Amino acid sequence: MKIAILVPTRERMNNRLTLLFSILTTADNIENINIYYGVDKDDPTLETIKKVAAGIPSLHIIEIDNKGKFLGLGILWNKLVKASNEEIISMIGDDMVFKTPGWDTMLLEEFNNMPKDQIQGVHCNDDCHGAQLAVNLFCHRKYVDILGYFMREEFLINWVDQWLHQTFSAFKRLKYRKDIMIEHRHWVLGKSERDTTAERMAVADANKISDKLWHDLVDERISDVRKIGEYLKMEPDWNKVDTGS
């Protein structure tokens, strides 16, 4: 069993290298991991990161045909899922840093002991949200097999993590590992500067499309939870899901 670290990223070479070397220097065994950077074809730093990847076998650059625009995080992470084949998939931002030595062994132990139905989510300490939000979720690919996607592609920014958090929580299949630190250095937290990439995403979602979609897609959210419940033959805890009621 291997872990796919899936990272949509544009420009931000310093972030990419910090994330990459934090993974390489804290993992027990890099053979446990493959790292996928999803990079736009019109990203001016594409050739540079490809040169980096040429010397690091575990790093793969997935070129995204973005047609000159920001496609949205839901679409980007789904493209990376399709480009990878590891059993364990993840949602990792390019502004995150792995800090706990042996995190790969710790996560693989979790998934080696998961239920036989393979529905299990694990998220780690991001030095901000704690157990309240799965901003760096890892799960088995079975989740994608059941629903047909990792994330709702309607969301440009935000809410994809909340959707996953609620879906796994509805069946008590989300575990928080406080002891594994994957620090989130988001500009909102004051840990980095707001850059052109952040500005680009904000402009794309200037009308708060994603916020509105959270409410508009309530029926789809309920449907996803029901599909997982049917597979598990379990009744979900609807108190864990925003059903709009």
# chains A, B, ... in the order shown; residues from 1 in each chain; ligands from 1
$ residues_around --residues "region 56-59 of chain A" --least-positions-apart "2" --cutoff "9 Å" --atoms "only C-alpha atoms" --output "ChimeraX atom specification"
/A:20,30-31,33-37,52-54,61
$ write_last_selection --atoms "C-alpha atoms" --output "short mmCIF file (atom, residue, chain, number, x, y, z; two decimals), in the first residue's frame"
data_model
loop_
_atom_site.label_atom_id
_atom_site.label_comp_id
_atom_site.auth_asym_id
_atom_site.auth_seq_id
_atom_site.Cartn_x
_atom_site.Cartn_y
_atom_site.Cartn_z
CA LEU A 20 8.72 18.61 -1.12
CA ILE A 30 10.15 7.41 0.48
CA GLU A 31 9.16 4.17 -1.27
CA ILE A 33 5.05 7.73 -1.18
CA ASN A 34 4.51 9.29 -4.57
CA ILE A 35 4.07 13.05 -4.85
CA TYR A 36 1.95 14.56 -7.62
CA TYR A 37 2.14 18.26 -8.40
CA VAL A 52 13.43 19.41 -10.13
CA ALA A 53 11.23 16.35 -10.69
CA ALA A 54 13.75 14.90 -13.15
CA ILE A 61 4.46 16.67 -12.53
#
$ residues_around --residues "Asp216 (chain A)" --least-positions-apart "6" --cutoff "12 Å" --atoms "only C-alpha atoms" --output "PyMOL selection string"
chain A and resi 154-155+209-210+222+242-244
$ closest_residue --among "A:Met201, A:Ile157, A:Met1, A:Met13" --to "Asp95 (chain A)" --atoms "only C-alpha atoms"
A:Met13
$ select_by_dssp --residues "region 10-244 of chain A" --states "strand (DSSP E or B)" --output "compact mmCIF listing (two decimals) with N, CA and C atoms, in the first residue's frame"
# COMPACT_ATOMS: atom_id res chain seq x y z
N ILE A 33 5.71 6.49 -0.76
CA ILE A 33 5.05 7.73 -1.18
C ILE A 33 5.32 8.04 -2.64
N ASN A 34 4.31 8.59 -3.31
CA ASN A 34 4.51 9.29 -4.57
C ASN A 34 3.85 10.65 -4.45
N ILE A 35 4.53 11.67 -4.95
CA ILE A 35 4.07 13.05 -4.85
C ILE A 35 3.66 13.53 -6.24
N TYR A 36 2.46 14.08 -6.34
CA TYR A 36 1.95 14.56 -7.62
C TYR A 36 1.67 16.05 -7.53
N TYR A 37 2.41 16.83 -8.30
CA TYR A 37 2.14 18.26 -8.40
C TYR A 37 1.34 18.51 -9.67
N GLY A 38 0.14 19.06 -9.52
CA GLY A 38 -0.66 19.43 -10.67
C GLY A 38 -0.35 20.87 -11.04
N VAL A 39 0.27 21.07 -12.20
CA VAL A 39 0.78 22.38 -12.60
C VAL A 39 0.15 22.79 -13.93
N ASP A 40 -0.39 24.00 -13.98
CA ASP A 40 -1.00 24.51 -15.21
C ASP A 40 0.01 24.55 -16.35
N LEU A 59 8.66 12.32 -7.31
CA LEU A 59 7.89 13.52 -7.66
C LEU A 59 7.46 13.45 -9.11
N HIS A 60 6.15 13.62 -9.33
CA HIS A 60 5.57 13.55 -10.66
C HIS A 60 4.86 14.86 -10.96
N ILE A 61 5.11 15.43 -12.13
CA ILE A 61 4.46 16.67 -12.53
C ILE A 61 3.33 16.34 -13.50
N ILE A 62 2.12 16.67 -13.11
CA ILE A 62 0.95 16.45 -13.96
C ILE A 62 0.57 17.79 -14.57
N GLU A 63 0.74 17.89 -15.88
CA GLU A 63 0.43 19.15 -16.56
C GLU A 63 -1.08 19.28 -16.77
N ILE A 64 -1.61 20.39 -16.32
CA ILE A 64 -3.05 20.64 -16.37
C ILE A 64 -3.36 21.57 -17.54
N ILE A 88 -3.96 4.96 -1.24
CA ILE A 88 -4.28 6.06 -0.33
C ILE A 88 -4.08 7.38 -1.06
N ILE A 89 -5.12 8.19 -1.10
CA ILE A 89 -5.06 9.50 -1.75
C ILE A 89 -5.19 10.59 -0.70
N SER A 90 -4.86 11.81 -1.09
CA SER A 90 -4.84 12.88 -0.09
C SER A 90 -5.17 14.23 -0.71
N MET A 96 1.57 23.79 2.73
CA MET A 96 1.66 22.94 3.90
C MET A 96 3.09 22.42 4.07
N VAL A 97 3.41 22.02 5.32
CA VAL A 97 4.75 21.52 5.63
C VAL A 97 4.62 20.32 6.56
N PHE A 98 5.19 19.18 6.18
CA PHE A 98 5.19 17.98 7.01
C PHE A 98 6.29 18.11 8.06
N GLY A 121 -11.24 7.80 6.70
CA GLY A 121 -10.56 9.07 6.49
C GLY A 121 -9.69 9.37 7.70
N VAL A 122 -8.52 9.93 7.45
CA VAL A 122 -7.61 10.35 8.52
C VAL A 122 -7.14 11.76 8.20
N HIS A 123 -7.19 12.64 9.19
CA HIS A 123 -6.60 13.96 8.99
C HIS A 123 -5.70 14.31 10.15
N CYS A 124 -4.79 15.24 9.89
CA CYS A 124 -3.70 15.50 10.81
C CYS A 124 -3.74 16.93 11.34
N ASN A 125 -2.94 17.17 12.34
CA ASN A 125 -2.84 18.47 12.98
C ASN A 125 -2.26 19.50 11.99
N PHE A 138 -6.60 12.23 4.29
CA PHE A 138 -6.12 11.04 3.60
C PHE A 138 -7.26 10.02 3.64
N CYS A 139 -7.48 9.33 2.54
CA CYS A 139 -8.51 8.28 2.56
C CYS A 139 -8.16 7.21 1.53
N HIS A 140 -8.85 6.08 1.63
CA HIS A 140 -8.66 5.02 0.65
C HIS A 140 -9.41 5.38 -0.63
N LEU A 174 -13.95 9.07 10.41
CA LEU A 174 -12.93 10.11 10.30
C LEU A 174 -12.13 10.14 11.59
N LYS A 175 -10.82 9.96 11.48
CA LYS A 175 -9.95 9.94 12.65
C LYS A 175 -8.98 11.12 12.59
N TYR A 176 -8.83 11.79 13.71
CA TYR A 176 -7.91 12.92 13.81
C TYR A 176 -6.63 12.48 14.49
N ARG A 177 -5.50 12.70 13.81
CA ARG A 177 -4.20 12.36 14.39
C ARG A 177 -3.50 13.65 14.81
N LYS A 178 -3.73 14.03 16.05
CA LYS A 178 -3.12 15.25 16.59
C LYS A 178 -1.61 15.16 16.62
N ASP A 179 -1.10 13.93 16.70
CA ASP A 179 0.34 13.72 16.84
C ASP A 179 1.10 13.82 15.51
N ILE A 180 0.38 13.96 14.41
CA ILE A 180 1.03 14.13 13.11
C ILE A 180 0.83 15.57 12.65
N MET A 181 1.90 16.34 12.61
CA MET A 181 1.80 17.75 12.26
C MET A 181 2.08 17.97 10.77
N ILE A 182 1.07 18.50 10.09
CA ILE A 182 1.23 18.99 8.72
C ILE A 182 0.79 20.45 8.77
N GLU A 183 1.72 21.32 9.05
CA GLU A 183 1.39 22.73 9.30
C GLU A 183 0.84 23.39 8.04
N HIS A 184 -0.22 24.15 8.24
CA HIS A 184 -0.83 24.90 7.14
C HIS A 184 -0.37 26.35 7.23
$ atom_distance --atom1 "CA of Ala4 (chain A)" --atom2 "CA of Pro236 (chain A)"
28.0 Å
$ residues_around --residues "Pro101 (chain A)" --least-positions-apart "5" --cutoff "9 Å" --atoms "only C-alpha atoms" --output "number ranges by chain"
A: 25-28, 180
$ write_last_selection --atoms "N, CA, C and O atoms" --output "compact mmCIF listing (two decimals), in the first residue's frame"
# COMPACT_ATOMS: atom_id res chain seq x y z
N THR A 25 12.31 14.55 3.91
CA THR A 25 13.18 14.47 5.09
C THR A 25 12.48 13.94 6.33
O THR A 25 13.15 13.62 7.32
N THR A 26 11.15 13.83 6.31
CA THR A 26 10.44 13.32 7.49
C THR A 26 9.87 11.92 7.28
O THR A 26 9.52 11.25 8.25
N ALA A 27 9.77 11.48 6.04
CA ALA A 27 9.23 10.14 5.78
C ALA A 27 10.22 9.06 6.23
O ALA A 27 11.43 9.22 6.07
N ASP A 28 9.68 7.98 6.78
CA ASP A 28 10.54 6.84 7.12
C ASP A 28 11.09 6.19 5.86
O ASP A 28 12.26 5.77 5.82
N ILE A 180 0.38 13.96 14.41
CA ILE A 180 1.03 14.13 13.11
C ILE A 180 0.83 15.57 12.65
O ILE A 180 -0.28 15.99 12.36
$ select_by_dssp --residues "region 27-139 of chain A" --states "alpha helix (DSSP H)" --output "number ranges by chain"
A: 46-54, 73-83, 103-112
$ residues_around --residues "Arg12 (chain A)" --least-positions-apart "3" --cutoff "9 Å" --atoms "only C-alpha atoms" --output "ChimeraX atom specification"
/A:9,15-17,45,94-95,195,197
$ atom_distance --atom1 "CA of Ala204 (chain A)" --atom2 "CA of Leu19 (chain A)"
25.1 Å
$ closest_residue --among "A:Lys51, A:Ser192, A:Gln166, A:Ala83" --to "Asn14 (chain A)" --atoms "only C-alpha atoms"
A:Ser192
$ closest_residue --among "A:Gln162, A:Asn32, A:Thr167, A:Thr196" --to "Asp104 (chain A)" --atoms "only C-alpha atoms"
A:Asn32
